[in-house]
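Engineer: I'd like to ask some things about the structure below.
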Amino acid sequence: MTTRPATPDDRAFVLALADRLVSFDVPAWRSKAVLADGDRRALAGWFDRTPAGEAMLIAELDGRPAGCAYLMTLVDYFDEQPHAHLSVLAVTAATEGRGVGSALIDASIAWAKALKSNRLTLSAFVTNMRARGFYERRGFGGETIRYVLPL
């Protein structure tokens, strides 16, 4: 297992992973298509502009792309300090459970530390129990929950 920065050649692989990001029961007021399109748009945007303070990492298993992590820097609402944020973590269905996600978390932590960030944040849908369980096993803990009232 290796991780490396994404290159333009990884674009199609990364964009294809957007559908994996909605492989759970989404909230009733959301549609999988809209969520996947939003993720695909954000991921494509990274390849289009490769902004400072952001990174796209690729995990390879047996020399083949197996997952990606999209990282950015956010500013905390409460203390107004910048911190590392893992915006997207996705692995292929064929490599799930083989350590790809953990390798990407480790690489994300290293990226955050290199930025001198004092934390790494991420978000997960409350209905995505698989992802939430994985993140909690890796040491992440909940801080807030966003409530939505569809109108």
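How things are named: the first chain in the structure tokens is A, the next is B, and so on; residues count from 1 in each chain; ligands count from 1 in the order shown.
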When you look at Leu86 in chain A with a cut-off of 7 Å (counting only C-alpha atoms), what residues show up, excluding the ones that are within fewer than 5 positions of it in the same chain? I need them as a tab-separated table (two decimals) with C-alpha atoms, in the first residue's frame.
Structural biologist:
```
chain	number	residue	atom	x	y	z
A	69	ALA	CA	-8.59	11.70	0.07
A	70	TYR	CA	-9.42	15.34	-0.65
A	71	LEU	CA	-8.04	17.68	2.02
A	72	MET	CA	-8.44	21.38	2.58
A	120	LEU	CA	-8.12	17.13	11.44
A	121	THR	CA	-11.87	17.43	11.00
A	122	LEU	CA	-14.32	15.64	8.73
```
Engineer: Can you list, as a ChimeraX atom specification, all residues belonging to range 8-124 of chain A that DSSP tags as alpha helix (DSSP H)?
Structural biologist: /A:11-16,32-49,100-114
Engineer: Let's have the selection written as a short mmCIF file (atom, residue, chain, number, x, y, z; two decimals), in the first residue's frame, with N, CA and C atoms.
Structural biologist:
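To be explicit, this is the file written out as result.cif:
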```cif
data_model
loop_
_atom_site.label_atom_id
_atom_site.label_comp_id
_atom_site.auth_asym_id
_atom_site.auth_seq_id
_atom_site.Cartn_x
_atom_site.Cartn_y
_atom_site.Cartn_z
N ARG A 11 -7.63 12.00 -12.56
CA ARG A 11 -8.93 12.68 -12.60
C ARG A 11 -10.10 11.71 -12.82
N ALA A 12 -10.05 10.89 -13.84
CA ALA A 12 -11.17 9.99 -14.14
C ALA A 12 -11.41 9.01 -12.99
N PHE A 13 -10.33 8.47 -12.42
CA PHE A 13 -10.47 7.56 -11.29
C PHE A 13 -11.16 8.24 -10.11
N VAL A 14 -10.70 9.43 -9.76
CA VAL A 14 -11.26 10.15 -8.61
C VAL A 14 -12.72 10.49 -8.85
N LEU A 15 -13.05 11.01 -10.03
CA LEU A 15 -14.44 11.38 -10.31
C LEU A 15 -15.36 10.16 -10.30
N ALA A 16 -14.86 9.02 -10.71
CA ALA A 16 -15.67 7.79 -10.68
C ALA A 16 -15.98 7.36 -9.26
N LYS A 32 -29.39 10.65 -3.93
CA LYS A 32 -28.04 10.17 -4.17
C LYS A 32 -27.43 10.86 -5.38
N ALA A 33 -28.22 11.08 -6.41
CA ALA A 33 -27.70 11.71 -7.63
C ALA A 33 -27.20 13.12 -7.35
N VAL A 34 -27.97 13.89 -6.59
CA VAL A 34 -27.56 15.27 -6.29
C VAL A 34 -26.30 15.27 -5.43
N LEU A 35 -26.23 14.38 -4.44
CA LEU A 35 -25.04 14.31 -3.59
C LEU A 35 -23.81 13.90 -4.39
N ALA A 36 -23.95 12.87 -5.22
CA ALA A 36 -22.81 12.41 -6.03
C ALA A 36 -22.37 13.49 -7.00
N ASP A 37 -23.33 14.20 -7.61
CA ASP A 37 -22.98 15.28 -8.54
C ASP A 37 -22.23 16.40 -7.81
N GLY A 38 -22.66 16.72 -6.59
CA GLY A 38 -21.97 17.75 -5.81
C GLY A 38 -20.55 17.34 -5.48
N ASP A 39 -20.36 16.09 -5.06
CA ASP A 39 -19.01 15.60 -4.77
C ASP A 39 -18.16 15.60 -6.04
N ARG A 40 -18.75 15.14 -7.15
CA ARG A 40 -18.01 15.10 -8.42
C ARG A 40 -17.58 16.50 -8.83
N ARG A 41 -18.46 17.48 -8.64
CA ARG A 41 -18.15 18.87 -8.99
C ARG A 41 -17.00 19.40 -8.13
N ALA A 42 -17.02 19.11 -6.83
CA ALA A 42 -15.95 19.57 -5.93
C ALA A 42 -14.63 18.90 -6.28
N LEU A 43 -14.66 17.62 -6.55
CA LEU A 43 -13.44 16.90 -6.90
C LEU A 43 -12.87 17.39 -8.23
N ALA A 44 -13.74 17.60 -9.21
CA ALA A 44 -13.29 18.13 -10.50
C ALA A 44 -12.70 19.52 -10.32
N GLY A 45 -13.29 20.31 -9.43
CA GLY A 45 -12.79 21.65 -9.17
C GLY A 45 -11.37 21.64 -8.67
N TRP A 46 -11.03 20.64 -7.85
CA TRP A 46 -9.65 20.56 -7.38
C TRP A 46 -8.70 20.34 -8.56
N PHE A 47 -9.06 19.43 -9.45
CA PHE A 47 -8.20 19.17 -10.60
C PHE A 47 -8.11 20.39 -11.52
N ASP A 48 -9.18 21.18 -11.58
CA ASP A 48 -9.19 22.36 -12.45
C ASP A 48 -8.33 23.49 -11.92
N ARG A 49 -8.20 23.59 -10.59
CA ARG A 49 -7.50 24.75 -10.04
C ARG A 49 -6.37 24.42 -9.07
N VAL A 100 -7.11 0.43 2.84
CA VAL A 100 -6.94 1.61 1.98
C VAL A 100 -7.39 2.86 2.72
N GLY A 101 -8.56 2.81 3.34
CA GLY A 101 -9.05 3.97 4.08
C GLY A 101 -8.12 4.35 5.22
N SER A 102 -7.60 3.37 5.92
CA SER A 102 -6.67 3.66 7.02
C SER A 102 -5.38 4.29 6.50
N ALA A 103 -4.89 3.82 5.37
CA ALA A 103 -3.68 4.41 4.79
C ALA A 103 -3.94 5.87 4.41
N LEU A 104 -5.13 6.15 3.90
CA LEU A 104 -5.46 7.53 3.53
C LEU A 104 -5.65 8.40 4.77
N ILE A 105 -6.21 7.85 5.84
CA ILE A 105 -6.31 8.61 7.09
C ILE A 105 -4.91 8.93 7.61
N ASP A 106 -4.02 7.95 7.60
CA ASP A 106 -2.65 8.18 8.06
C ASP A 106 -1.97 9.27 7.23
N ALA A 107 -2.13 9.21 5.92
CA ALA A 107 -1.53 10.22 5.04
C ALA A 107 -2.18 11.59 5.27
N SER A 108 -3.46 11.61 5.56
CA SER A 108 -4.16 12.87 5.85
C SER A 108 -3.65 13.48 7.15
N ILE A 109 -3.42 12.65 8.15
CA ILE A 109 -2.87 13.13 9.42
C ILE A 109 -1.48 13.71 9.19
N ALA A 110 -0.67 13.04 8.39
CA ALA A 110 0.67 13.54 8.09
C ALA A 110 0.59 14.89 7.37
N TRP A 111 -0.35 15.03 6.43
CA TRP A 111 -0.55 16.29 5.72
C TRP A 111 -0.93 17.40 6.71
N ALA A 112 -1.86 17.08 7.61
CA ALA A 112 -2.31 18.06 8.60
C ALA A 112 -1.16 18.49 9.51
N LYS A 113 -0.37 17.53 9.95
CA LYS A 113 0.77 17.85 10.81
C LYS A 113 1.80 18.70 10.08
N ALA A 114 2.01 18.43 8.80
CA ALA A 114 2.97 19.22 8.01
C ALA A 114 2.51 20.67 7.91
#
```
Engineer: Excluding Arg64 in chain A and its own-chain neighbours fewer than 3 positions away, which residues fall within 12 Å of it when counting only C-alpha atoms? Please give them as a count of residues only.
Structural biologist: 17
Engineer: Please identify which residues in range 82-140 of chain A DSSP calls strand (DSSP E) from the backbone, and express them as a ChimeraX atom specification.
Structural biologist: /A:82-91,120-122
Engineer: Convert the current residue selection to file output with all heavy atoms, as a short mmCIF file (atom, residue, chain, number, x, y, z; two decimals), in the first residue's frame.
Structural biologist:
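File produced: result.cif:
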```cif
data_model
loop_
_atom_site.label_atom_id
_atom_site.label_comp_id
_atom_site.auth_asym_id
_atom_site.auth_seq_id
_atom_site.Cartn_x
_atom_site.Cartn_y
_atom_site.Cartn_z
N PRO A 82 -7.10 28.38 11.52
CA PRO A 82 -7.15 27.40 10.42
C PRO A 82 -6.87 25.99 10.94
O PRO A 82 -6.14 25.81 11.91
CB PRO A 82 -6.07 27.88 9.46
CG PRO A 82 -5.15 28.70 10.28
CD PRO A 82 -5.95 29.27 11.42
N HIS A 83 -7.48 25.03 10.29
CA HIS A 83 -7.23 23.62 10.62
C HIS A 83 -7.42 22.77 9.37
O HIS A 83 -8.06 23.19 8.41
CB HIS A 83 -8.15 23.15 11.76
CG HIS A 83 -9.59 23.11 11.37
ND1 HIS A 83 -10.39 24.22 11.41
CD2 HIS A 83 -10.36 22.10 10.91
CE1 HIS A 83 -11.61 23.90 11.01
NE2 HIS A 83 -11.62 22.63 10.69
N ALA A 84 -6.87 21.57 9.41
CA ALA A 84 -6.99 20.63 8.30
C ALA A 84 -8.36 19.98 8.33
O ALA A 84 -8.89 19.65 9.40
CB ALA A 84 -5.89 19.58 8.39
N HIS A 85 -8.93 19.78 7.14
CA HIS A 85 -10.25 19.16 7.02
C HIS A 85 -10.20 18.13 5.91
O HIS A 85 -9.76 18.41 4.79
CB HIS A 85 -11.32 20.22 6.70
CG HIS A 85 -12.69 19.64 6.57
ND1 HIS A 85 -13.45 19.29 7.66
CD2 HIS A 85 -13.42 19.34 5.48
CE1 HIS A 85 -14.61 18.80 7.24
NE2 HIS A 85 -14.61 18.82 5.92
N LEU A 86 -10.65 16.93 6.23
CA LEU A 86 -10.76 15.84 5.26
C LEU A 86 -12.14 15.93 4.64
O LEU A 86 -13.13 15.55 5.26
CB LEU A 86 -10.52 14.50 5.94
CG LEU A 86 -10.66 13.24 5.10
CD1 LEU A 86 -9.74 13.29 3.88
CD2 LEU A 86 -10.37 12.02 5.94
N SER A 87 -12.22 16.47 3.45
CA SER A 87 -13.50 16.71 2.80
C SER A 87 -14.08 15.45 2.18
O SER A 87 -15.28 15.22 2.22
CB SER A 87 -13.34 17.80 1.73
OG SER A 87 -14.58 18.08 1.11
N VAL A 88 -13.22 14.63 1.57
CA VAL A 88 -13.67 13.40 0.89
C VAL A 88 -12.69 12.28 1.20
O VAL A 88 -11.48 12.47 1.11
CB VAL A 88 -13.74 13.61 -0.64
CG1 VAL A 88 -13.98 12.28 -1.37
CG2 VAL A 88 -14.82 14.61 -1.00
N LEU A 89 -13.24 11.14 1.55
CA LEU A 89 -12.46 9.91 1.67
C LEU A 89 -13.27 8.82 0.99
O LEU A 89 -14.42 8.57 1.38
CB LEU A 89 -12.21 9.53 3.14
CG LEU A 89 -11.44 8.24 3.36
CD1 LEU A 89 -9.98 8.41 2.97
CD2 LEU A 89 -11.55 7.77 4.80
N ALA A 90 -12.70 8.23 -0.04
CA ALA A 90 -13.43 7.19 -0.78
C ALA A 90 -12.46 6.10 -1.21
O ALA A 90 -11.32 6.39 -1.60
CB ALA A 90 -14.10 7.79 -2.01
N VAL A 91 -12.93 4.87 -1.13
CA VAL A 91 -12.15 3.72 -1.61
C VAL A 91 -13.02 2.91 -2.56
O VAL A 91 -14.25 2.95 -2.47
CB VAL A 91 -11.63 2.83 -0.45
CG1 VAL A 91 -10.78 3.64 0.52
CG2 VAL A 91 -12.75 2.14 0.27
N LEU A 120 -7.61 17.55 12.74
CA LEU A 120 -8.12 17.13 11.44
C LEU A 120 -9.60 16.87 11.62
O LEU A 120 -9.98 16.05 12.46
CB LEU A 120 -7.40 15.87 10.95
CG LEU A 120 -7.90 15.25 9.65
CD1 LEU A 120 -7.71 16.21 8.47
CD2 LEU A 120 -7.18 13.93 9.38
N THR A 121 -10.42 17.60 10.89
CA THR A 121 -11.87 17.43 11.00
C THR A 121 -12.40 16.73 9.75
O THR A 121 -11.73 16.66 8.72
CB THR A 121 -12.58 18.79 11.16
OG1 THR A 121 -12.36 19.59 9.99
CG2 THR A 121 -12.10 19.53 12.40
N LEU A 122 -13.61 16.22 9.86
CA LEU A 122 -14.32 15.64 8.73
C LEU A 122 -15.80 15.66 9.05
O LEU A 122 -16.20 15.90 10.20
CB LEU A 122 -13.84 14.22 8.42
CG LEU A 122 -13.91 13.16 9.51
CD1 LEU A 122 -15.30 12.57 9.66
CD2 LEU A 122 -12.92 12.06 9.20
#
```
Engineer: Restricting the calculation to only C-alpha atoms: of A:Ala66, A:Ala124, A:Leu74, A:Ala28, which residue gets closest to Gly99 in chain A?
Structural biologist: A:Ala66
Engineer: Could you tell me how far CA of Arg130 in chain A sits from CA of Asn118 in chain A, in Å to one decimal place?
Structural biologist: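 Interatomic distance, CA of Asn118 in chain A to CA of Arg130 in chain A: 26.2 Å.
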Engineer: Point out the residue among A:Pro27, A:Pro150, A:Pro51, A:Gly97 with the least atom-to-atom distance to Thr127 in chain A, counting only C-alpha atoms.
Structural biologist: A:Pro27
Engineer: Could you check how far CA of Leu57 in chain A sits from CA of Asp79 in chain A, in Å to one decimal?
Structural biologist: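 A separation of 27.9 Å between them.
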Engineer: How many Å separate CA of Val148 in chain A from CA of Trp29 in chain A?
Structural biologist: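 Between these atoms lies a distance of 9.1 Å.
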Engineer: Residues within 10 Å of Arg146 in chain A, please, as a count of residues only. Count only C-alpha atoms; anything in the same chain fewer than 2 positions from it doesn't count.
Structural biologist: 4
Engineer: Do a neighbour search on Asn128 in chain A at 9 Å with only C-alpha atoms, toss out local chain neighbours closer than 6 positions, and write the hits as a list in words.
Structural biologist: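 With the cut-off at 9 Å, the set is Val22, Ser23, Phe24, Asp25 and Val26 of chain A.
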